[in-house]
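**Q** So that you have it, the file is input.txt, and it contains compact mmCIF, C-alpha atoms:
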# COMPACT_ATOMS: atom_id res chain seq x y z
CA MET A 1 2.93 -52.35 30.44
CA SER A 2 3.30 -49.72 33.16
CA ALA A 3 1.07 -47.82 35.56
CA LEU A 4 0.62 -44.11 34.98
CA THR A 5 -0.88 -41.32 37.04
CA GLN A 6 -4.47 -42.39 37.40
CA PRO A 7 -6.98 -40.12 35.63
CA ASP A 8 -9.89 -41.71 37.62
CA ALA A 9 -12.34 -41.60 34.71
CA ALA A 10 -12.22 -42.39 31.00
CA THR A 11 -14.64 -42.92 28.14
CA ALA A 12 -14.13 -45.24 25.18
CA ARG A 13 -16.06 -46.15 22.07
CA ALA A 14 -15.93 -49.50 20.30
CA TYR A 15 -17.74 -51.10 17.40
CA PRO A 16 -18.87 -54.70 16.98
CA ASN A 17 -17.20 -57.01 14.53
CA ILE A 18 -18.76 -59.69 12.38
CA ALA A 19 -16.65 -62.79 11.89
CA LEU A 20 -16.09 -64.02 8.36
CA VAL A 21 -14.25 -67.06 9.73
CA LYS A 22 -15.70 -68.04 13.12
CA TYR A 23 -13.96 -69.80 16.01
CA TRP A 24 -16.98 -71.32 17.85
CA GLY A 25 -15.49 -72.91 20.93
CA LYS A 26 -12.91 -72.40 23.63
CA ARG A 27 -10.13 -74.71 24.66
CA ASP A 28 -9.53 -72.68 27.85
CA GLU A 29 -12.62 -71.15 29.50
CA SER A 30 -10.62 -69.21 32.09
CA LEU A 31 -8.29 -67.43 29.66
CA ILE A 32 -10.87 -67.52 26.82
CA LEU A 33 -8.49 -69.11 24.36
CA PRO A 34 -10.31 -70.25 21.21
CA VAL A 35 -10.07 -73.69 19.62
CA ALA A 36 -9.15 -72.02 16.33
CA GLY A 37 -8.24 -68.65 14.91
CA SER A 38 -10.80 -66.35 13.30
CA LEU A 39 -11.11 -63.34 11.02
CA SER A 40 -13.60 -60.50 11.14
CA LEU A 41 -14.67 -57.06 9.94
CA THR A 42 -14.98 -54.31 12.55
CA LEU A 43 -18.01 -52.21 11.64
CA ASP A 44 -18.53 -48.44 11.56
CA ALA A 45 -22.01 -48.68 13.19
CA PHE A 46 -23.78 -50.06 16.30
CA ALA A 47 -21.22 -48.55 18.69
CA THR A 48 -20.88 -49.11 22.42
CA THR A 49 -19.77 -46.07 24.42
CA THR A 50 -18.54 -46.80 27.94
CA THR A 51 -17.40 -44.57 30.78
CA VAL A 52 -15.47 -45.96 33.75
CA GLU A 53 -15.18 -43.76 36.83
CA VAL A 54 -13.02 -44.96 39.74
CA LEU A 55 -14.49 -43.73 43.04
CA ASP A 56 -13.24 -44.00 46.62
CA SER A 57 -16.85 -43.85 47.81
CA LEU A 58 -17.90 -47.15 46.21
CA ALA A 59 -17.92 -50.37 48.23
CA THR A 60 -18.79 -52.44 45.13
CA ASP A 61 -18.78 -51.92 41.39
CA GLU A 62 -21.82 -50.42 39.68
CA PHE A 63 -22.89 -51.04 36.09
CA SER A 64 -25.57 -49.28 34.06
CA LEU A 65 -26.50 -50.38 30.51
CA ASN A 66 -28.68 -48.13 28.37
CA GLY A 67 -29.89 -46.35 31.50
CA ALA A 68 -30.81 -49.48 33.49
CA ALA A 69 -28.85 -50.56 36.56
CA GLN A 70 -27.54 -54.10 36.08
CA ILE A 71 -27.48 -56.91 38.64
CA GLY A 72 -26.78 -60.63 38.58
CA ASP A 73 -24.71 -62.14 35.78
CA SER A 74 -24.47 -58.88 33.80
CA LEU A 75 -22.91 -57.03 36.73
CA GLY A 76 -20.87 -60.09 37.68
CA ARG A 77 -19.14 -60.25 34.29
CA VAL A 78 -18.18 -56.57 34.52
CA THR A 79 -16.90 -56.94 38.09
CA LYS A 80 -14.85 -60.02 37.15
CA PHE A 81 -13.32 -58.06 34.28
CA LEU A 82 -12.56 -55.05 36.46
CA ASP A 83 -10.87 -57.39 38.94
CA LEU A 84 -8.38 -58.25 36.17
CA VAL A 85 -7.73 -54.57 35.53
CA ARG A 86 -7.37 -53.83 39.25
CA ALA A 87 -4.86 -56.67 39.63
CA MET A 88 -2.80 -55.26 36.77
CA ALA A 89 -2.95 -51.75 38.24
CA GLY A 90 -2.38 -52.74 41.87
CA SER A 91 -5.65 -51.08 42.87
CA THR A 92 -8.49 -52.06 45.19
CA GLN A 93 -10.84 -49.20 44.23
CA HIS A 94 -14.23 -49.96 42.75
CA ALA A 95 -15.72 -48.28 39.71
CA SER A 96 -18.96 -47.01 38.25
CA VAL A 97 -19.43 -48.23 34.66
CA THR A 98 -21.96 -46.61 32.34
CA SER A 99 -22.52 -48.07 28.85
CA ILE A 100 -24.71 -47.09 25.94
CA ASN A 101 -25.13 -49.85 23.40
CA GLU A 102 -26.52 -48.92 19.99
CA ALA A 103 -26.96 -52.53 18.84
CA PRO A 104 -29.53 -54.96 20.26
CA THR A 105 -27.92 -56.75 23.22
CA GLY A 106 -27.53 -60.51 22.93
CA ALA A 107 -29.20 -60.75 19.51
CA GLY A 108 -26.24 -62.06 17.50
CA LEU A 109 -24.93 -58.64 16.45
CA ALA A 110 -21.73 -58.89 18.49
CA SER A 111 -22.77 -56.50 21.26
CA SER A 112 -20.50 -58.30 23.73
CA ALA A 113 -17.54 -57.67 21.43
CA SER A 114 -18.05 -53.92 21.33
CA GLY A 115 -19.03 -53.89 25.01
CA PHE A 116 -15.90 -55.51 26.38
CA ALA A 117 -13.61 -53.78 23.88
CA ALA A 118 -14.91 -50.41 25.07
CA LEU A 119 -14.66 -51.53 28.70
CA ALA A 120 -11.07 -52.70 28.23
CA VAL A 121 -9.94 -49.36 26.80
CA ALA A 122 -11.88 -47.19 29.28
CA ALA A 123 -11.04 -49.24 32.37
CA SER A 124 -7.33 -49.54 31.60
CA ALA A 125 -7.14 -45.76 31.17
CA ALA A 126 -9.22 -45.01 34.28
CA TYR A 127 -7.00 -47.27 36.39
CA GLY A 128 -3.86 -45.69 34.95
CA LEU A 129 -2.51 -48.54 32.80
CA ASP A 130 -0.38 -47.94 29.71
CA LEU A 131 -1.23 -50.82 27.34
CA ASP A 132 -0.37 -51.18 23.67
CA ARG A 133 -2.89 -52.39 21.11
CA ALA A 134 -1.95 -56.08 21.41
CA ALA A 135 -2.19 -55.94 25.21
CA LEU A 136 -5.60 -54.25 25.00
CA SER A 137 -6.76 -56.96 22.58
CA ARG A 138 -5.61 -59.63 25.03
CA LEU A 139 -7.37 -57.86 27.89
CA ALA A 140 -10.64 -57.45 25.97
CA ARG A 141 -10.50 -61.16 25.11
CA ARG A 142 -10.82 -62.00 28.81
CA GLY A 143 -14.28 -60.40 28.85
CA SER A 144 -15.56 -61.79 25.55
CA GLY A 145 -13.48 -63.67 23.02
CA SER A 146 -14.67 -61.72 20.00
CA ALA A 147 -13.89 -58.44 21.78
CA ALA A 148 -10.23 -59.09 20.99
CA ARG A 149 -11.03 -58.26 17.36
CA SER A 150 -12.94 -55.03 18.10
CA LEU A 151 -9.64 -53.40 19.11
CA ILE A 152 -8.55 -53.50 15.46
CA ASP A 153 -9.53 -51.30 12.50
CA GLY A 154 -11.34 -53.03 9.64
CA ILE A 155 -10.33 -56.63 8.92
CA SER A 156 -8.47 -58.44 11.68
CA VAL A 157 -7.23 -61.94 12.43
CA TRP A 158 -7.47 -63.29 15.99
CA HIS A 159 -4.65 -65.73 16.54
CA ALA A 160 -5.76 -68.74 18.60
CA GLY A 161 -2.34 -68.79 20.24
CA THR A 162 -1.14 -71.21 22.89
CA SER A 163 -1.21 -68.88 25.91
CA ASP A 164 -2.57 -65.57 27.17
CA GLU A 165 0.40 -63.76 25.63
CA THR A 166 -0.02 -65.27 22.16
CA SER A 167 -3.81 -64.99 21.71
CA PHE A 168 -4.63 -61.53 20.33
CA ALA A 169 -5.88 -59.83 17.17
CA GLU A 170 -3.99 -57.81 14.59
CA PRO A 171 -4.90 -56.08 11.31
CA VAL A 172 -5.07 -57.78 7.92
CA GLU A 173 -4.89 -56.07 4.53
CA ALA A 174 -7.95 -56.86 2.43
CA PRO A 175 -10.00 -55.39 -0.43
CA GLU A 176 -12.61 -52.78 0.46
CA MET A 177 -16.07 -54.21 1.07
CA SER A 178 -19.45 -53.18 2.40
CA MET A 179 -21.65 -55.14 4.77
CA ILE A 180 -25.42 -55.09 4.66
CA ILE A 181 -26.91 -55.93 8.07
CA VAL A 182 -30.43 -57.37 7.96
CA THR A 183 -31.96 -57.31 11.44
CA VAL A 184 -34.56 -60.07 11.47
CA ASP A 185 -35.14 -60.15 15.22
CA SER A 186 -33.61 -57.79 17.80
CA ARG A 187 -34.75 -59.77 20.84
CA GLN A 188 -32.18 -61.40 23.12
CA LYS A 189 -31.59 -64.98 22.05
CA ALA A 190 -32.78 -67.84 24.27
CA VAL A 191 -29.40 -69.63 24.37
CA SER A 192 -26.28 -67.51 24.85
CA SER A 193 -23.26 -68.04 22.65
CA ARG A 194 -21.24 -69.22 25.62
CA ALA A 195 -23.79 -71.86 26.58
CA ALA A 196 -24.23 -72.94 22.96
CA MET A 197 -20.48 -73.33 22.44
CA ARG A 198 -20.22 -75.57 25.48
CA ARG A 199 -23.18 -77.71 24.43
CA THR A 200 -21.86 -78.06 20.88
CA ALA A 201 -18.39 -79.07 22.06
CA LEU A 202 -19.78 -81.62 24.54
CA THR A 203 -22.49 -83.24 22.43
CA SER A 204 -21.93 -82.83 18.68
CA PRO A 205 -20.36 -85.90 17.04
CA PHE A 206 -18.92 -83.55 14.39
CA TYR A 207 -17.13 -81.21 16.78
CA PRO A 208 -13.68 -82.89 16.62
CA ALA A 209 -13.44 -81.90 12.95
CA TRP A 210 -14.39 -78.28 13.58
CA ALA A 211 -11.08 -76.79 14.78
CA PRO A 212 -8.82 -78.28 12.07
CA SER A 213 -11.39 -77.41 9.39
CA THR A 214 -11.61 -73.84 10.68
CA GLU A 215 -7.83 -73.41 10.65
CA GLN A 216 -7.85 -74.55 7.00
CA SER A 217 -10.58 -72.03 6.21
CA LEU A 218 -8.63 -69.30 8.00
CA ALA A 219 -5.46 -70.04 6.05
CA ALA A 220 -7.43 -69.91 2.80
CA MET A 221 -9.09 -66.65 3.88
CA LEU A 222 -5.77 -64.99 4.73
CA GLU A 223 -4.47 -65.98 1.31
CA ALA A 224 -7.60 -64.57 -0.34
CA CYS A 225 -7.17 -61.30 1.58
CA ARG A 226 -3.52 -61.04 0.52
CA ASP A 227 -4.59 -61.61 -3.09
CA ARG A 228 -7.44 -59.10 -2.68
CA ASP A 229 -9.74 -61.77 -4.12
CA PHE A 230 -13.23 -60.66 -3.07
CA SER A 231 -14.96 -63.60 -4.74
CA ARG A 232 -12.91 -66.13 -2.80
CA ILE A 233 -13.34 -64.15 0.43
CA GLY A 234 -17.09 -64.28 -0.11
CA ARG A 235 -17.23 -68.00 -0.87
CA ILE A 236 -15.22 -68.85 2.24
CA THR A 237 -17.37 -66.52 4.35
CA GLU A 238 -20.70 -68.04 3.34
CA THR A 239 -19.50 -71.65 3.42
CA HIS A 240 -17.97 -71.25 6.85
CA ALA A 241 -21.11 -69.63 8.28
CA LEU A 242 -23.30 -72.47 7.07
CA ARG A 243 -20.84 -75.02 8.45
CA MET A 244 -20.97 -73.36 11.86
CA HIS A 245 -24.75 -73.28 11.97
CA ALA A 246 -24.94 -76.92 10.83
CA LEU A 247 -22.54 -77.80 13.65
CA ILE A 248 -24.64 -75.93 16.22
CA GLN A 249 -27.78 -77.70 15.03
CA SER A 250 -26.03 -81.04 15.57
CA ALA A 251 -25.78 -80.42 19.33
CA ASP A 252 -27.97 -82.40 21.73
CA PRO A 253 -30.48 -80.95 22.27
CA PRO A 254 -30.17 -79.06 18.96
CA ILE A 255 -29.81 -75.27 18.90
CA ARG A 256 -31.15 -73.40 15.88
CA TYR A 257 -30.27 -69.73 15.64
CA LEU A 258 -31.27 -69.23 12.02
CA SER A 259 -34.98 -68.60 11.51
CA PRO A 260 -36.97 -69.29 8.34
CA VAL A 261 -36.48 -65.62 7.43
CA SER A 262 -32.71 -65.99 7.93
CA ILE A 263 -32.68 -68.93 5.52
CA ALA A 264 -34.76 -66.94 3.05
CA ILE A 265 -32.10 -64.21 3.11
CA PHE A 266 -29.35 -66.73 2.32
CA ASP A 267 -31.50 -67.93 -0.60
CA ALA A 268 -32.09 -64.35 -1.76
CA VAL A 269 -28.35 -63.66 -1.70
CA ALA A 270 -27.71 -66.77 -3.79
CA ALA A 271 -30.35 -65.50 -6.24
CA LEU A 272 -28.56 -62.14 -6.42
CA ARG A 273 -25.36 -63.92 -7.40
CA ASP A 274 -27.22 -65.85 -10.10
CA ALA A 275 -28.45 -62.48 -11.39
CA GLY A 276 -24.92 -61.09 -11.54
CA VAL A 277 -24.77 -59.12 -8.25
CA GLU A 278 -21.96 -60.62 -6.22
CA ALA A 279 -22.87 -60.89 -2.53
CA TYR A 280 -22.30 -63.46 0.22
CA ALA A 281 -24.18 -64.06 3.47
CA THR A 282 -23.04 -64.88 6.97
CA ALA A 283 -24.63 -64.95 10.42
CA ASP A 284 -23.24 -65.07 13.92
CA ALA A 285 -25.06 -66.90 16.73
CA GLY A 286 -28.47 -65.37 16.10
CA PRO A 287 -31.10 -64.92 13.39
CA ASN A 288 -29.73 -61.68 11.97
CA VAL A 289 -27.84 -61.89 8.71
CA ALA A 290 -24.85 -59.91 7.44
CA VAL A 291 -24.11 -59.78 3.72
CA ILE A 292 -20.81 -58.67 2.22
CA SER A 293 -20.59 -57.05 -1.19
CA ARG A 294 -18.37 -54.76 -3.16
CA PRO A 295 -19.13 -51.14 -2.19
CA GLU A 296 -20.60 -50.34 -5.60
CA ASP A 297 -23.16 -53.17 -5.21
CA ALA A 298 -24.23 -52.40 -1.64
CA ALA A 299 -27.24 -50.25 -2.51
CA ALA A 300 -28.67 -52.88 -4.87
CA VAL A 301 -28.16 -55.62 -2.29
CA ALA A 302 -29.81 -53.54 0.43
CA GLU A 303 -32.80 -52.83 -1.81
CA ALA A 304 -33.22 -56.51 -2.63
CA LEU A 305 -33.13 -57.53 1.05
CA ALA A 306 -35.29 -54.74 2.53
CA GLN A 307 -38.37 -56.99 2.50
CA TYR A 308 -36.80 -59.30 5.10
CA GLY A 309 -36.13 -56.84 7.94
CA ALA A 310 -34.47 -53.58 8.89
CA VAL A 311 -31.53 -53.06 6.55
CA ARG A 312 -28.43 -50.98 7.17
CA VAL A 313 -25.36 -50.62 4.97
CA VAL A 314 -22.12 -50.36 6.97
CA GLY A 315 -18.44 -50.36 6.22
CA ALA A 316 -15.12 -50.91 7.91
CA GLY A 317 -14.83 -49.12 11.25
CA SER A 318 -12.17 -48.14 13.75
CA GLY A 319 -10.88 -50.20 16.61
CA ALA A 320 -11.84 -49.29 20.18
CA THR A 321 -10.34 -46.05 21.40
CA LEU A 322 -10.65 -43.32 24.00
CA ILE A 323 -12.94 -40.41 23.17
CA ASP A 324 -13.84 -37.04 24.64
CA PRO A 325 -17.14 -37.74 26.46
CA THR A 326 -18.34 -34.16 25.93
CA ASP A 327 -18.26 -34.61 22.16
CA THR A 328 -21.20 -36.75 21.02
CA ASP A 329 -19.62 -37.16 17.58
CA ALA A 330 -16.17 -37.64 19.02
CA SER A 331 -13.33 -38.84 16.91
CA PRO A 332 -10.56 -40.76 18.72
CA ALA A 333 -8.83 -38.73 21.40
CA GLU A 334 -5.33 -37.70 20.37
CA GLY A 335 -2.61 -39.96 21.70
CA THR A 336 -4.81 -42.95 22.61
CA ALA A 337 -3.64 -46.50 22.09
Can the structure in the file be given as structure tokens, please?
**A**
Amino acid sequence: MSALTQPDAATARAYPNIALVKYWGKRDESLILPVAGSLSLTLDAFATTTTVEVLDSLATDEFSLNGAAQIGDSLGRVTKFLDLVRAMAGSTQHASVTSINEAPTGAGLASSASGFAALAVAASAAYGLDLDRAALSRLARRGSGSAARSLIDGISVWHAGTSDETSFAEPVEAPEMSMIIVTVDSRQKAVSSRAAMRRTALTSPFYPAWAPSTEQSLAAMLEACRDRDFSRIGRITETHALRMHALIQSADPPIRYLSPVSIAIFDAVAALRDAGVEAYATADAGPNVAVISRPEDAAAVAEALAQYGAVRVVGAGSGATLIDPTDTDASPAEGTA
């Protein structure tokens, strides 16, 4: 890492990722080190585009999300993150942060992952830092754990690691797949993922088995990816999602993210498999369901699930990168990390 001539402003775009093996819990809240590794697919939809402008005139940081000025915890998380960047850059200047989020915020569609991945790339460039992909993944992790994975194209594994330096994401070779997102409810969830993780870890009698079980699932998933075994990838994905949601429901008081419609989608996906269309369901901490299929089956899966909510077929997307803010359909800027 080194400091470069500061460009003062930069814009980055990042996409959310949906975990196929989920970590659910932190062993270090300060460094955001997970209790177990995880594996995810970075999407090619629901982008977050963030501009960071460093200004001498600002006495405090400013943050606007989808055109609304943010205060309280939302602004506080951005300021805390920028403090990390400023410490790395040796700067005391404040910044204006403007984000446009195409996914519903806080609805279980990984908006925090794309948000902090975009912020990590834009802020490090605006403050003149030269960070490689692993370092950017580590930095994004400090804002939101899953953001570490949104720095990586397509399928990535986030290593739990044992320190700040060893906890980052990197790419994994895997067979091509599509993901069908079924948005059941776009409202912000009542219990945040962070709060739910803490409650689960503190109160579930089953939590001690979660980390070792997840590491076993991750090892099996990495093997399935190496073998390009889509069927095994799918079985691990769906089983692990249901295990996580069962664990969350065992907290005291219980937390239930899946709605009756969410469960109906899992049942419909099982029925598709019985009918010969191979698909597997998963859900992050929210009611919305993501279904993986082979690309040639995606249209049939989407048609079968359209009755349950807004359906969108997506594929593997690019990791967070700098873009030209004047180009609304910008591809990655040449020479970015």
**Q** Mind giving me the straight-line distance from CA of Arg232 in chain A to CA of Ile292 in chain A in Å, one decimal?
**A**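 Rounded to one decimal, the two atoms are 12.0 Å apart.
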**Q** Using all atoms listed in the file, which residues sit within 10 Å of range 293-309 of chain A once same-chain residues fewer than 3 positions away are excluded, as a CSV table (one decimal) with C-alpha atoms, in the coordinates of the input?
**A**
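The resulting file, around38.csv, is shown below:
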chain,number,residue,atom,x,y,z
A,175,PRO,CA,-10.0,-55.4,-0.4
A,176,GLU,CA,-12.6,-52.8,0.5
A,177,MET,CA,-16.1,-54.2,1.1
A,178,SER,CA,-19.4,-53.2,2.4
A,179,MET,CA,-21.6,-55.1,4.8
A,180,ILE,CA,-25.4,-55.1,4.7
A,181,ILE,CA,-26.9,-55.9,8.1
A,182,VAL,CA,-30.4,-57.4,8.0
A,183,THR,CA,-32.0,-57.3,11.4
A,184,VAL,CA,-34.6,-60.1,11.5
A,185,ASP,CA,-35.1,-60.2,15.2
A,230,PHE,CA,-13.2,-60.7,-3.1
A,231,SER,CA,-15.0,-63.6,-4.7
A,234,GLY,CA,-17.1,-64.3,-0.1
A,261,VAL,CA,-36.5,-65.6,7.4
A,262,SER,CA,-32.7,-66.0,7.9
A,264,ALA,CA,-34.8,-66.9,3.0
A,265,ILE,CA,-32.1,-64.2,3.1
A,268,ALA,CA,-32.1,-64.4,-1.8
A,269,VAL,CA,-28.4,-63.7,-1.7
A,272,LEU,CA,-28.6,-62.1,-6.4
A,277,VAL,CA,-24.8,-59.1,-8.2
A,278,GLU,CA,-22.0,-60.6,-6.2
A,279,ALA,CA,-22.9,-60.9,-2.5
A,280,TYR,CA,-22.3,-63.5,0.2
A,281,ALA,CA,-24.2,-64.1,3.5
A,288,ASN,CA,-29.7,-61.7,12.0
A,289,VAL,CA,-27.8,-61.9,8.7
A,312,ARG,CA,-28.4,-51.0,7.2
A,313,VAL,CA,-25.4,-50.6,5.0
A,314,VAL,CA,-22.1,-50.4,7.0
A,315,GLY,CA,-18.4,-50.4,6.2
**Q** Go through range 198-313 of chain A and flag each residue having an atom no more than 10 Å from range 27-40 of chain A; for those, report the closest pair of atoms plus their distance in Å to one decimal, using all atoms listed in the file, ordered by chain and rising number, as a tab-separated table.
**A**
residue	atom	partner	partner_atom	distance
A:Arg198	CA	A:Glu29	CA	9.7
A:Ala201	CA	A:Arg27	CA	9.7
A:Trp210	CA	A:Ala36	CA	8.6
A:Ala211	CA	A:Ala36	CA	5.4
A:Pro212	CA	A:Ala36	CA	7.6
A:Ser213	CA	A:Ala36	CA	9.1
A:Thr214	CA	A:Ala36	CA	6.4
A:Glu215	CA	A:Ala36	CA	6.0
A:Gln216	CA	A:Ala36	CA	9.8
A:Ser217	CA	A:Ser38	CA	9.1
A:Leu218	CA	A:Ser38	CA	6.4
A:Ala219	CA	A:Gly37	CA	9.4
A:Met221	CA	A:Leu39	CA	8.1
A:Leu222	CA	A:Leu39	CA	8.4
A:Thr237	CA	A:Leu39	CA	9.7
**Q** If you measure from CA of Gly319 in chain A to CA of Ser91 in chain A, what distance in Å do you get, rounded to one decimal?
**A**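 Separation of CA of Gly319 in chain A and CA of Ser91 in chain A: 26.8 Å.
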**Q** For Ala148 in chain A, find every residue with an atom within 9 Å (counting all atoms listed in the file), except residues of its own chain fewer than 4 positions away, and show them as an mmCIF file with C-alpha atoms, in the frame of the given file.
**A**
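Once everything was written out, this is selection.cif:
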data_model
loop_
_atom_site.group_PDB
_atom_site.id
_atom_site.type_symbol
_atom_site.label_atom_id
_atom_site.label_comp_id
_atom_site.auth_asym_id
_atom_site.auth_seq_id
_atom_site.Cartn_x
_atom_site.Cartn_y
_atom_site.Cartn_z
ATOM 1 C CA ALA A 113 -17.540 -57.670 21.430
ATOM 2 C CA PHE A 116 -15.900 -55.510 26.380
ATOM 3 C CA ALA A 117 -13.610 -53.780 23.880
ATOM 4 C CA ALA A 134 -1.950 -56.080 21.410
ATOM 5 C CA LEU A 136 -5.600 -54.250 25.000
ATOM 6 C CA SER A 137 -6.760 -56.960 22.580
ATOM 7 C CA ARG A 138 -5.610 -59.630 25.030
ATOM 8 C CA LEU A 139 -7.370 -57.860 27.890
ATOM 9 C CA ALA A 140 -10.640 -57.450 25.970
ATOM 10 C CA ARG A 141 -10.500 -61.160 25.110
ATOM 11 C CA ARG A 142 -10.820 -62.000 28.810
ATOM 12 C CA GLY A 143 -14.280 -60.400 28.850
ATOM 13 C CA SER A 144 -15.560 -61.790 25.550
ATOM 14 C CA ILE A 152 -8.550 -53.500 15.460
ATOM 15 C CA TRP A 158 -7.470 -63.290 15.990
ATOM 16 C CA SER A 167 -3.810 -64.990 21.710
ATOM 17 C CA PHE A 168 -4.630 -61.530 20.330
ATOM 18 C CA ALA A 169 -5.880 -59.830 17.170
#
**Q** For a test of reading the model, state the distance in Å between CA of Thr49 in chain A and CA of Thr282 in chain A, rounded to one decimal.
**A** 25.9 Å
**Q** Put a box with edges along x, y and z around all the listed atoms of range 119-126 of chain A, pad it by 5 Å on each side, then give me its centre and sizes in Å, one decimal, as JSON.
**A**
{"center_x": -10.9, "center_y": -48.9, "center_z": 30.5, "size_x": 17.5, "size_y": 17.7, "size_z": 17.5}
**Q** Which residues, protein or nucleic acid, reach to within 12 Å of (-18.3, -61.0, 25.6) in the file's coordinates when using only C-alpha atoms, and can you give that as a PyMOL selection string?
**A** chain A and resi 16-17+32+74+77-78+81+105-106+108-120+139-150+192-194
**Q** Contacts of Ala69 in chain A at 12 Å or less, counting only C-alpha atoms, minus same-chain residues fewer than 5 places along, as a list in words?
**A**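 Listed by chain and then number, they are Asp61, Glu62, Phe63, Ser64, Ser74, Leu75, Ser96, Val97, Thr98, Ser99 and Ile100 of chain A.
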**Q** Ranking A:Ala174, A:Ala246, A:Ala285, A:Ile236 by minimum distance to Ala190 in chain A and counting all atoms listed in the file, which one comes first?
**A**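 Looking at the shortest contact to Ala190 in chain A, the residue is A:Ala285.
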